[in-house]
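Chemist: First, the structure itself, so that you have it in front of you.
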There are 2 protein chains.
Amino acid sequence: MFEEMIHHRPPWLVTPPSTKPIAISSRIRLARNMSDLPFPGRCTDEQRNEVISRVSKAAEKTVLLQKAEVLRLDSLSPIDRQFLVERHLVSPEFVQQEAPAAVIISNDETCSLMINEEDHIRMQILRSELNLEEAWEMINKFDSDLEKSLPYAFSSKYGYLTACPTNVGTGLRASTMLHLPALVHEHKIGSVMSAVGKIGIAVRGLYGESSDSKGNMFQISNQVTLGQDEENIVNQLHQIVLRIVEHENKLRGTLIANKPHQIKNDVGRAYGTLKYAEILTSEEATELLSSLLIGVDLQVFDEVDRTVVNELLIDIQPAHLQKMKGKNLTAEQRNLYRAKIIRKRL
Amino acid sequence: MFEEMIHHRPPWLVTPPSTKPIAISSRIRLARNMSDLPFPGRCTDEQRNEVISRVSKAAEKTVLLQKAEVLRLDSLSPIDRQFLVERHLVSPEFVQQEAPAAVIISNDETCSLMINEEDHIRMQILRSELNLEEAWEMINKFDSDLEKSLPYAFSSKYGYLTACPTNVGTGLRASTMLHLPALVHEHKIGSVMSAVGKIGIAVRGLYGESSDSKGNMFQISNQVTLGQDEENIVNQLHQIVLRIVEHENKLRGTLIANKPHQIKNDVGRAYGTLKYAEILTSEEATELLSSLLIGVDLQVFDEVDRTVVNELLIDIQPAHLQKMKGKNLTAEQRNLYRAKIIRKRL
């Protein structure tokens, strides 16, 4: 499974070359638990194994995961685990635990299901660009399929019960990954974050909670899960994303009109460094590739194909590099190999 | 005269492509005054004009300057003045004054003669690479030619008399411009400076006194002018330069052996930035071109011709840019034009 994943791009990242999405991808996840077993944090190993077994069987009966392999966490090397995090298929917290847990991933990486993360079940659907409604329809259907074989913990008063109270109710978190270089460049990202924060929307870095923004990429997601229905949550987030995208788009227009040389300068330097550096850390490469993206999108720089940049943003991550190279690499070796791959592809 | 100068390189900068000089150029200047007039600082304008007239006539009788034009300072625009400074033909102090003064420059820019700088006469010979002895022979002959028509202020006790006591005696300053990136990179330049300082040798930046080092270029020159004969001064400096060059060469070897990737990284990034930046200040461009030079010299980077880099180091200077463009440019316009020229030539 990993061998295949290394050699193809996740479909949610592939967009037609003509589009210049500010919204890179959309994701919805649902948290569910079984009513007849304690939450994972209070399970014995035996009970956790029972959860894996029962959820795996239920997944086999769904359309999306019927042919998917069950990957037990204890069978995965540290690099494999990190690879799945980099691919946005599991959470960093999930792969750090030692108790029995598993993940099931559809071949096209659209659907993934973590068993025994904080809740018994964390399922997600990942789509390219701004496609929250489509993602919601898919996950809603998938959830109904699972529910046929599993007794969900559900309260008529609160809704779905979850390990952490912030997920109680719908158990739903919807998010969109946005590329916002103009808002960052013009120091407007702070005011956007505080404005949407007031209406229960969080803005975070690339890998969710507590991660810093890398390469001007931000995750916009709902915070409230209780007391609203799912369609409302998804629709509200969709509307807010549309407004942020509009803001970013306007600002890009202003930037290219008022500071054409500065933009060309930033983009050109980023390209020159990527093309000729011998050593590149993950952080720096991500920043520079993000600068390139804005150059491509604003049509001030046409030496680069957007798809190549998008692919590189995934491939230059530490575990991806090591999977490609087929062996463990030190940080120093990765920085050399990363620069080599970037030089070759640009 | 200026039109021609813009379109050709100063001969002292042109070295065979096969050589990779650490010593870029050698310069000797002599300070002389006439015995029958006060030092320039105490001259009336009339007396200063008399100096110009008498020295010009004497210069016409020399082999080196017989066909050279006398450029009166008050006939030169601010850009022309700055251009001559950038070309290392006059001192920054010389062009800042308002009292009558003039400069005479040989067509090949090897010989120049400032009239009414701090002393009545400051003559210099500029040669490529480490050629102090040749420069000494040339200037000694030139000085004897001048002396035939001018009554030099000379004391049998002290030697030649000069406005500033630090020049009394021989009135000779010999200097070599050295490119020392490895010593800078390895933080050894400080100890070299203090070591040679103890034996009366000064290390300064590119444009002489009080100027910072730019692009790892340093001027090494004698401080003592009194109580030694000229051949000794020149020979001592020659020996010291040889030792610094040896030190730099060894360090370059160590660097390339121990830190090949770091060197390639520095050089590659410098090239990438120069090749794709839209905006480049004089300081940054000089630094980056210097990094390129070491890449070329250490053969870690073969995309660039050394001659092109040497020419750019001269041409990207503010007055050179404006002479090439044929009009005054603001600092912002220069940064754009500088980047454009560098992109085109690399």
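By order in the structure tokens, chains are A, B, ...; within a chain, residues start at 1; ligands start at 1, following the order shown.
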Would you give me, as a PyMOL selection string, the residues of chain A that come within 6 Å of chain B, using only C-alpha atoms?
Modeler: chain A and resi 265+268-269+272-273+276-279
Chemist: Based on the selection just made, write C-alpha atoms of those residues as a PDB file, in the first residue's frame.
Modeler:
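The resulting result_26.pdb:
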ATOM      1  CA  ASN A 265      11.360  39.942  -6.585  1.00  0.00           C
ATOM      2  CA  GLY A 268      12.086  35.182  -8.440  1.00  0.00           C
ATOM      3  CA  ARG A 269      14.323  34.885  -5.384  1.00  0.00           C
ATOM      4  CA  GLY A 272      16.388  30.986  -7.725  1.00  0.00           C
ATOM      5  CA  THR A 273      17.032  29.618  -4.251  1.00  0.00           C
ATOM      6  CA  TYR A 276      20.231  26.273  -6.988  1.00  0.00           C
ATOM      7  CA  ALA A 277      20.377  25.553  -3.244  1.00  0.00           C
ATOM      8  CA  GLU A 278      22.336  22.496  -2.147  1.00  0.00           C
ATOM      9  CA  ILE A 279      20.746  22.302   1.321  1.00  0.00           C
TER      10      ILE A 279
END
Chemist: So which residues of region 127-249 of chain B fall under helix (DSSP H, G or I) by DSSP, listed as a ChimeraX atom specification?
Modeler: /B:132-147,165-167,181-185,189-198,230-249
Chemist: Pairing the C-alpha atoms in order across the whole chain, superpose chain A onto chain B by least squares and write the result as a CSV table (one decimal) with C-alpha atoms, in the first residue's frame.
Modeler:
chain,number,residue,atom,x,y,z
A,1,MET,CA,36.6,60.1,-22.3
A,2,PHE,CA,33.7,58.8,-20.0
A,3,GLU,CA,31.9,57.3,-23.0
A,4,GLU,CA,34.9,55.2,-23.8
A,5,MET,CA,35.4,54.2,-20.2
A,6,ILE,CA,31.9,52.9,-19.8
A,7,HIS,CA,32.3,50.6,-22.7
A,8,HIS,CA,35.6,49.0,-21.8
A,9,ARG,CA,36.8,47.3,-18.7
A,10,PRO,CA,39.7,48.8,-16.8
A,11,PRO,CA,42.8,46.8,-18.0
A,12,TRP,CA,43.9,46.3,-14.4
A,13,LEU,CA,40.8,44.2,-13.8
A,14,VAL,CA,41.3,41.9,-16.9
A,15,THR,CA,43.1,38.7,-16.0
A,16,PRO,CA,43.6,35.6,-18.1
A,17,PRO,CA,40.6,33.3,-17.6
A,18,SER,CA,42.9,30.5,-16.4
A,19,THR,CA,44.1,32.5,-13.4
A,20,LYS,CA,42.1,32.6,-10.2
A,21,PRO,CA,43.7,35.5,-8.5
A,22,ILE,CA,43.1,36.1,-4.8
A,23,ALA,CA,45.1,39.3,-5.3
A,24,ILE,CA,42.8,41.2,-7.7
A,25,SER,CA,44.9,44.4,-8.2
A,26,SER,CA,47.9,46.3,-7.0
A,27,ARG,CA,48.3,50.0,-6.5
A,28,ILE,CA,51.1,52.4,-5.6
A,29,ARG,CA,50.6,56.0,-5.0
A,30,LEU,CA,53.0,58.8,-4.2
A,31,ALA,CA,52.2,62.1,-2.5
A,32,ARG,CA,54.3,65.1,-3.6
A,33,ASN,CA,54.2,68.8,-3.0
A,34,MET,CA,55.8,71.8,-4.6
A,35,SER,CA,58.3,73.7,-2.4
A,36,ASP,CA,57.3,77.2,-3.6
A,37,LEU,CA,53.5,77.0,-2.7
A,38,PRO,CA,51.6,76.3,0.5
A,39,PHE,CA,49.9,72.8,0.9
A,40,PRO,CA,46.5,72.8,-0.8
A,41,GLY,CA,44.6,73.2,2.5
A,42,ARG,CA,46.3,76.6,2.9
A,43,CYS,CA,46.3,77.7,-0.8
A,44,THR,CA,44.1,80.5,-2.1
A,45,ASP,CA,42.0,79.5,-5.1
A,46,GLU,CA,44.4,81.4,-7.3
A,47,GLN,CA,47.3,79.4,-5.9
A,48,ARG,CA,45.4,76.1,-6.4
A,49,ASN,CA,44.8,77.1,-10.0
A,50,GLU,CA,48.5,77.8,-10.4
A,51,VAL,CA,49.2,74.3,-9.1
A,52,ILE,CA,46.8,72.8,-11.6
A,53,SER,CA,48.4,74.7,-14.4
A,54,ARG,CA,52.0,73.8,-13.5
A,55,VAL,CA,51.4,70.2,-12.8
A,56,SER,CA,49.3,69.8,-16.0
A,57,LYS,CA,52.2,71.1,-18.0
A,58,ALA,CA,54.7,68.8,-16.2
A,59,ALA,CA,52.3,65.8,-16.9
A,60,GLU,CA,52.3,66.6,-20.6
A,61,LYS,CA,56.0,66.0,-20.7
A,62,THR,CA,55.7,62.5,-19.2
A,63,VAL,CA,55.4,59.3,-21.2
A,64,LEU,CA,52.3,58.0,-19.4
A,65,LEU,CA,50.2,61.2,-19.4
A,66,GLN,CA,51.4,63.1,-22.4
A,67,LYS,CA,48.2,62.6,-24.3
A,68,ALA,CA,45.8,62.6,-21.4
A,69,GLU,CA,43.0,65.0,-20.9
A,70,VAL,CA,43.1,67.3,-17.8
A,71,LEU,CA,39.7,67.0,-16.1
A,72,ARG,CA,38.9,69.9,-13.9
A,73,LEU,CA,36.8,68.9,-10.9
A,74,ASP,CA,34.3,71.7,-11.4
A,75,SER,CA,33.6,70.5,-14.9
A,76,LEU,CA,32.5,67.1,-13.6
A,77,SER,CA,28.9,66.2,-12.7
A,78,PRO,CA,28.2,64.4,-9.5
A,79,ILE,CA,27.7,61.1,-11.4
A,80,ASP,CA,31.0,61.6,-13.3
A,81,ARG,CA,32.8,62.2,-10.0
A,82,GLN,CA,31.3,59.1,-8.4
A,83,PHE,CA,32.1,57.1,-11.5
A,84,LEU,CA,35.8,57.9,-11.1
A,85,VAL,CA,35.7,56.9,-7.4
A,86,GLU,CA,34.0,53.6,-8.4
A,87,ARG,CA,36.8,53.1,-10.9
A,88,HIS,CA,39.4,53.5,-8.2
A,89,LEU,CA,40.9,56.5,-10.1
A,90,VAL,CA,40.3,59.2,-7.5
A,91,SER,CA,39.6,59.2,-3.7
A,92,PRO,CA,36.2,59.9,-2.3
A,93,GLU,CA,37.6,62.8,-0.4
A,94,PHE,CA,39.0,64.4,-3.6
A,95,VAL,CA,35.7,64.6,-5.4
A,96,GLN,CA,33.9,66.1,-2.4
A,97,GLN,CA,35.8,69.3,-2.3
A,98,GLU,CA,34.7,72.6,-4.0
A,99,ALA,CA,38.1,74.4,-4.3
A,100,PRO,CA,40.0,74.2,-7.7
A,101,ALA,CA,41.3,70.7,-8.3
A,102,ALA,CA,41.8,68.4,-11.3
A,103,VAL,CA,42.6,64.9,-12.3
A,104,ILE,CA,44.6,63.5,-15.2
A,105,ILE,CA,44.0,59.8,-16.2
A,106,SER,CA,45.9,57.8,-18.8
A,107,ASN,CA,43.7,56.2,-21.5
A,108,ASP,CA,44.3,52.7,-20.2
A,109,GLU,CA,43.5,53.9,-16.6
A,110,THR,CA,46.8,52.6,-15.4
A,111,CYS,CA,48.1,56.0,-14.3
A,112,SER,CA,46.1,58.7,-12.7
A,113,LEU,CA,47.2,62.0,-11.1
A,114,MET,CA,45.1,64.0,-8.7
A,115,ILE,CA,46.0,67.7,-8.4
A,116,ASN,CA,45.1,69.4,-5.1
A,117,GLU,CA,43.8,66.5,-3.1
A,118,GLU,CA,45.4,66.7,0.4
A,119,ASP,CA,48.7,67.2,-1.4
A,120,HIS,CA,49.5,69.1,-4.6
A,121,ILE,CA,50.1,65.8,-6.3
A,122,ARG,CA,48.8,62.4,-5.7
A,123,MET,CA,49.9,60.0,-8.5
A,124,GLN,CA,48.9,56.4,-8.7
A,125,ILE,CA,49.7,53.3,-10.8
A,126,LEU,CA,47.1,50.5,-10.8
A,127,ARG,CA,48.0,47.0,-12.1
A,128,SER,CA,46.1,43.7,-12.1
A,129,GLU,CA,46.9,40.9,-9.6
A,130,LEU,CA,50.0,41.0,-7.4
A,131,ASN,CA,52.3,43.3,-9.3
A,132,LEU,CA,53.6,45.7,-6.8
A,133,GLU,CA,57.2,45.7,-8.1
A,134,GLU,CA,56.1,46.5,-11.6
A,135,ALA,CA,53.8,49.2,-10.3
A,136,TRP,CA,56.7,50.6,-8.3
A,137,GLU,CA,59.0,50.7,-11.3
A,138,MET,CA,56.4,52.5,-13.4
A,139,ILE,CA,55.6,55.1,-10.8
A,140,ASN,CA,59.2,55.7,-9.9
A,141,LYS,CA,59.9,56.5,-13.5
A,142,PHE,CA,56.8,58.6,-13.8
A,143,ASP,CA,57.8,60.5,-10.6
A,144,SER,CA,61.2,61.2,-12.0
A,145,ASP,CA,59.7,62.5,-15.2
A,146,LEU,CA,57.5,65.0,-13.2
A,147,GLU,CA,60.3,66.0,-10.9
A,148,LYS,CA,62.3,67.3,-13.9
A,149,SER,CA,59.7,70.2,-14.3
A,150,LEU,CA,58.5,70.7,-10.7
A,151,PRO,CA,60.4,71.8,-7.5
A,152,TYR,CA,59.4,69.1,-5.0
A,153,ALA,CA,59.2,69.9,-1.3
A,154,PHE,CA,62.0,67.7,0.1
A,155,SER,CA,63.9,67.6,3.3
A,156,SER,CA,67.2,65.9,3.5
A,157,LYS,CA,66.3,64.8,7.1
A,158,TYR,CA,62.7,63.6,6.6
A,159,GLY,CA,62.4,63.0,2.8
A,160,TYR,CA,59.3,64.2,0.9
A,161,LEU,CA,57.1,66.6,2.8
A,162,THR,CA,53.4,66.1,2.8
A,163,ALA,CA,50.3,67.8,4.3
A,164,CYS,CA,49.6,64.9,6.7
A,165,PRO,CA,52.6,63.7,8.8
A,166,THR,CA,51.6,60.0,8.1
A,167,ASN,CA,52.8,60.4,4.6
A,168,VAL,CA,56.1,62.2,5.2
A,169,GLY,CA,59.2,60.4,4.0
A,170,THR,CA,58.6,58.3,0.9
A,171,GLY,CA,55.1,59.7,0.5
A,172,LEU,CA,54.4,56.1,-0.7
A,173,ARG,CA,51.4,54.0,-0.1
A,174,ALA,CA,51.4,50.5,-1.7
A,175,SER,CA,48.3,48.4,-1.6
A,176,THR,CA,46.8,45.2,-2.9
A,177,MET,CA,43.1,44.4,-3.2
A,178,LEU,CA,42.5,40.8,-2.0
A,179,HIS,CA,39.4,38.6,-2.3
A,180,LEU,CA,39.3,36.7,1.0
A,181,PRO,CA,36.0,34.9,1.2
A,182,ALA,CA,37.4,31.8,3.0
A,183,LEU,CA,39.1,33.9,5.7
A,184,VAL,CA,35.8,35.8,6.2
A,185,HIS,CA,33.7,32.6,6.1
A,186,GLU,CA,35.8,30.9,8.7
A,187,HIS,CA,36.0,34.0,10.9
A,188,LYS,CA,39.8,34.2,10.5
A,189,ILE,CA,40.0,37.7,8.9
A,190,GLY,CA,40.1,39.4,12.3
A,191,SER,CA,43.2,37.6,13.5
A,192,VAL,CA,44.9,38.3,10.1
A,193,MET,CA,44.1,42.0,10.4
A,194,SER,CA,45.5,42.2,13.9
A,195,ALA,CA,48.6,40.2,13.1
A,196,VAL,CA,49.6,42.4,10.1
A,197,GLY,CA,48.5,45.5,12.0
A,198,LYS,CA,51.3,44.8,14.5
A,199,ILE,CA,53.9,45.1,11.7
A,200,GLY,CA,52.6,48.3,10.3
A,201,ILE,CA,50.2,47.0,7.7
A,202,ALA,CA,46.6,48.1,7.5
A,203,VAL,CA,43.6,46.1,6.2
A,204,ARG,CA,40.7,48.1,4.9
A,205,GLY,CA,37.5,47.8,2.8
A,206,LEU,CA,37.2,48.2,-0.9
A,207,TYR,CA,37.4,52.0,-1.1
A,208,GLY,CA,40.2,52.7,1.3
A,209,GLU,CA,40.1,54.5,4.6
A,210,SER,CA,36.9,54.2,6.7
A,211,SER,CA,35.1,52.1,4.2
A,212,ASP,CA,33.6,48.7,5.2
A,213,SER,CA,34.6,45.6,3.5
A,214,LYS,CA,32.2,44.8,0.6
A,215,GLY,CA,32.0,41.4,-1.0
A,216,ASN,CA,34.9,40.0,1.0
A,217,MET,CA,37.3,42.4,-0.8
A,218,PHE,CA,40.1,43.9,1.3
A,219,GLN,CA,42.9,46.5,0.7
A,220,ILE,CA,46.1,45.6,2.4
A,221,SER,CA,48.5,48.5,2.6
A,222,ASN,CA,51.6,49.8,4.3
A,223,GLN,CA,51.2,52.4,7.1
A,224,VAL,CA,54.8,53.5,7.6
A,225,THR,CA,56.3,55.9,5.1
A,226,LEU,CA,59.1,57.4,7.1
A,227,GLY,CA,62.5,55.9,7.7
A,228,GLN,CA,62.3,53.0,5.1
A,229,ASP,CA,63.3,53.1,1.5
A,230,GLU,CA,60.6,52.5,-1.2
A,231,GLU,CA,61.9,49.1,-2.4
A,232,ASN,CA,61.7,47.8,1.2
A,233,ILE,CA,58.2,49.0,1.7
A,234,VAL,CA,57.0,47.4,-1.6
A,235,ASN,CA,58.9,44.2,-1.0
A,236,GLN,CA,57.6,43.8,2.6
A,237,LEU,CA,54.0,44.3,1.5
A,238,HIS,CA,54.6,41.8,-1.4
A,239,GLN,CA,55.8,39.2,1.1
A,240,ILE,CA,52.9,39.7,3.4
A,241,VAL,CA,50.4,39.5,0.6
A,242,LEU,CA,51.9,36.2,-0.5
A,243,ARG,CA,51.4,34.9,3.0
A,244,ILE,CA,47.8,36.0,3.3
A,245,VAL,CA,47.1,34.5,-0.2
A,246,GLU,CA,48.7,31.2,1.0
A,247,HIS,CA,46.5,31.3,4.1
A,248,GLU,CA,43.4,32.0,2.0
A,249,ASN,CA,44.3,29.2,-0.4
A,250,LYS,CA,44.8,26.6,2.3
A,251,LEU,CA,41.5,27.6,3.9
A,252,ARG,CA,39.7,27.3,0.6
A,253,GLY,CA,41.1,23.8,0.3
A,254,THR,CA,39.9,22.9,3.8
A,255,LEU,CA,36.5,24.4,3.2
A,256,ILE,CA,35.9,22.4,0.0
A,257,ALA,CA,37.2,19.2,1.6
A,258,ASN,CA,35.2,19.5,4.8
A,259,LYS,CA,32.1,21.5,3.8
A,260,PRO,CA,31.5,20.8,0.1
A,261,HIS,CA,27.7,20.9,0.4
A,262,GLN,CA,27.7,24.1,2.4
A,263,ILE,CA,30.0,25.8,-0.1
A,264,LYS,CA,27.8,24.6,-3.0
A,265,ASN,CA,24.8,25.7,-1.1
A,266,ASP,CA,26.2,29.2,-0.5
A,267,VAL,CA,27.3,29.6,-4.1
A,268,GLY,CA,24.2,28.1,-5.7
A,269,ARG,CA,21.9,30.3,-3.6
A,270,ALA,CA,23.9,33.3,-4.6
A,271,TYR,CA,23.6,32.4,-8.2
A,272,GLY,CA,19.9,31.7,-8.0
A,273,THR,CA,19.2,35.0,-6.3
A,274,LEU,CA,21.3,37.0,-8.8
A,275,LYS,CA,19.7,35.2,-11.7
A,276,TYR,CA,16.1,35.7,-10.7
A,277,ALA,CA,15.9,38.7,-8.3
A,278,GLU,CA,14.0,41.7,-9.6
A,279,ILE,CA,15.5,44.2,-7.1
A,280,LEU,CA,19.1,44.2,-6.0
A,281,THR,CA,21.0,46.8,-3.9
A,282,SER,CA,24.6,47.5,-4.6
A,283,GLU,CA,25.7,45.9,-1.2
A,284,GLU,CA,23.7,42.7,-1.7
A,285,ALA,CA,24.8,42.3,-5.3
A,286,THR,CA,28.4,42.7,-4.4
A,287,GLU,CA,28.1,40.1,-1.6
A,288,LEU,CA,26.4,37.6,-3.9
A,289,LEU,CA,28.9,38.2,-6.8
A,290,SER,CA,31.7,37.6,-4.3
A,291,SER,CA,30.1,34.3,-3.3
A,292,LEU,CA,29.9,33.4,-6.9
A,293,LEU,CA,33.6,34.2,-7.4
A,294,ILE,CA,34.6,31.7,-4.7
A,295,GLY,CA,32.4,29.1,-6.4
A,296,VAL,CA,34.1,29.6,-9.7
A,297,ASP,CA,37.5,29.6,-8.1
A,298,LEU,CA,36.9,26.4,-6.2
A,299,GLN,CA,35.3,24.8,-9.2
A,300,VAL,CA,32.1,23.9,-7.4
A,301,PHE,CA,30.1,26.0,-9.9
A,302,ASP,CA,30.8,26.1,-13.5
A,303,GLU,CA,27.8,27.9,-14.9
A,304,VAL,CA,29.6,31.3,-14.7
A,305,ASP,CA,32.6,32.9,-16.4
A,306,ARG,CA,34.9,34.7,-13.9
A,307,THR,CA,35.3,37.6,-16.3
A,308,VAL,CA,31.6,38.3,-16.3
A,309,VAL,CA,31.5,38.4,-12.5
A,310,ASN,CA,34.5,40.7,-12.4
A,311,GLU,CA,32.9,43.0,-14.9
A,312,LEU,CA,29.6,43.0,-13.0
A,313,LEU,CA,31.4,43.9,-9.7
A,314,ILE,CA,32.4,47.2,-11.4
A,315,ASP,CA,29.3,47.8,-13.5
A,316,ILE,CA,26.7,47.4,-10.8
A,317,GLN,CA,28.0,50.4,-8.9
A,318,PRO,CA,25.6,53.4,-8.8
A,319,ALA,CA,27.4,55.8,-11.0
A,320,HIS,CA,28.4,53.1,-13.5
A,321,LEU,CA,24.7,52.1,-13.8
A,322,GLN,CA,23.7,55.7,-14.4
A,323,LYS,CA,26.4,56.3,-17.0
A,324,MET,CA,25.3,53.1,-18.8
A,325,LYS,CA,21.7,54.1,-18.7
A,326,GLY,CA,22.7,57.7,-19.8
A,327,LYS,CA,20.5,59.4,-17.1
A,328,ASN,CA,20.1,60.0,-13.4
A,329,LEU,CA,18.3,57.1,-11.6
A,330,THR,CA,16.8,57.0,-8.1
A,331,ALA,CA,18.0,54.3,-5.8
A,332,GLU,CA,14.9,52.4,-6.5
A,333,GLN,CA,15.4,52.6,-10.3
A,334,ARG,CA,19.0,51.6,-9.9
A,335,ASN,CA,18.0,48.5,-7.9
A,336,LEU,CA,15.7,47.4,-10.7
A,337,TYR,CA,18.2,48.2,-13.5
A,338,ARG,CA,21.0,46.5,-11.6
A,339,ALA,CA,19.0,43.3,-11.3
A,340,LYS,CA,18.1,43.5,-14.9
A,341,ILE,CA,21.7,43.8,-16.1
A,342,ILE,CA,22.8,41.0,-13.8
A,343,ARG,CA,19.9,38.7,-15.0
A,344,LYS,CA,20.9,39.5,-18.6
A,345,ARG,CA,24.6,38.8,-18.2
A,346,LEU,CA,24.5,35.7,-16.0
Chemist: Just the strand (DSSP E or B) stuff from region 147-231 of chain A, please, per backbone DSSP, written as a ChimeraX atom specification.
Modeler: /A:152,154-155,159-160,169,172-179,201-204,214,217-222
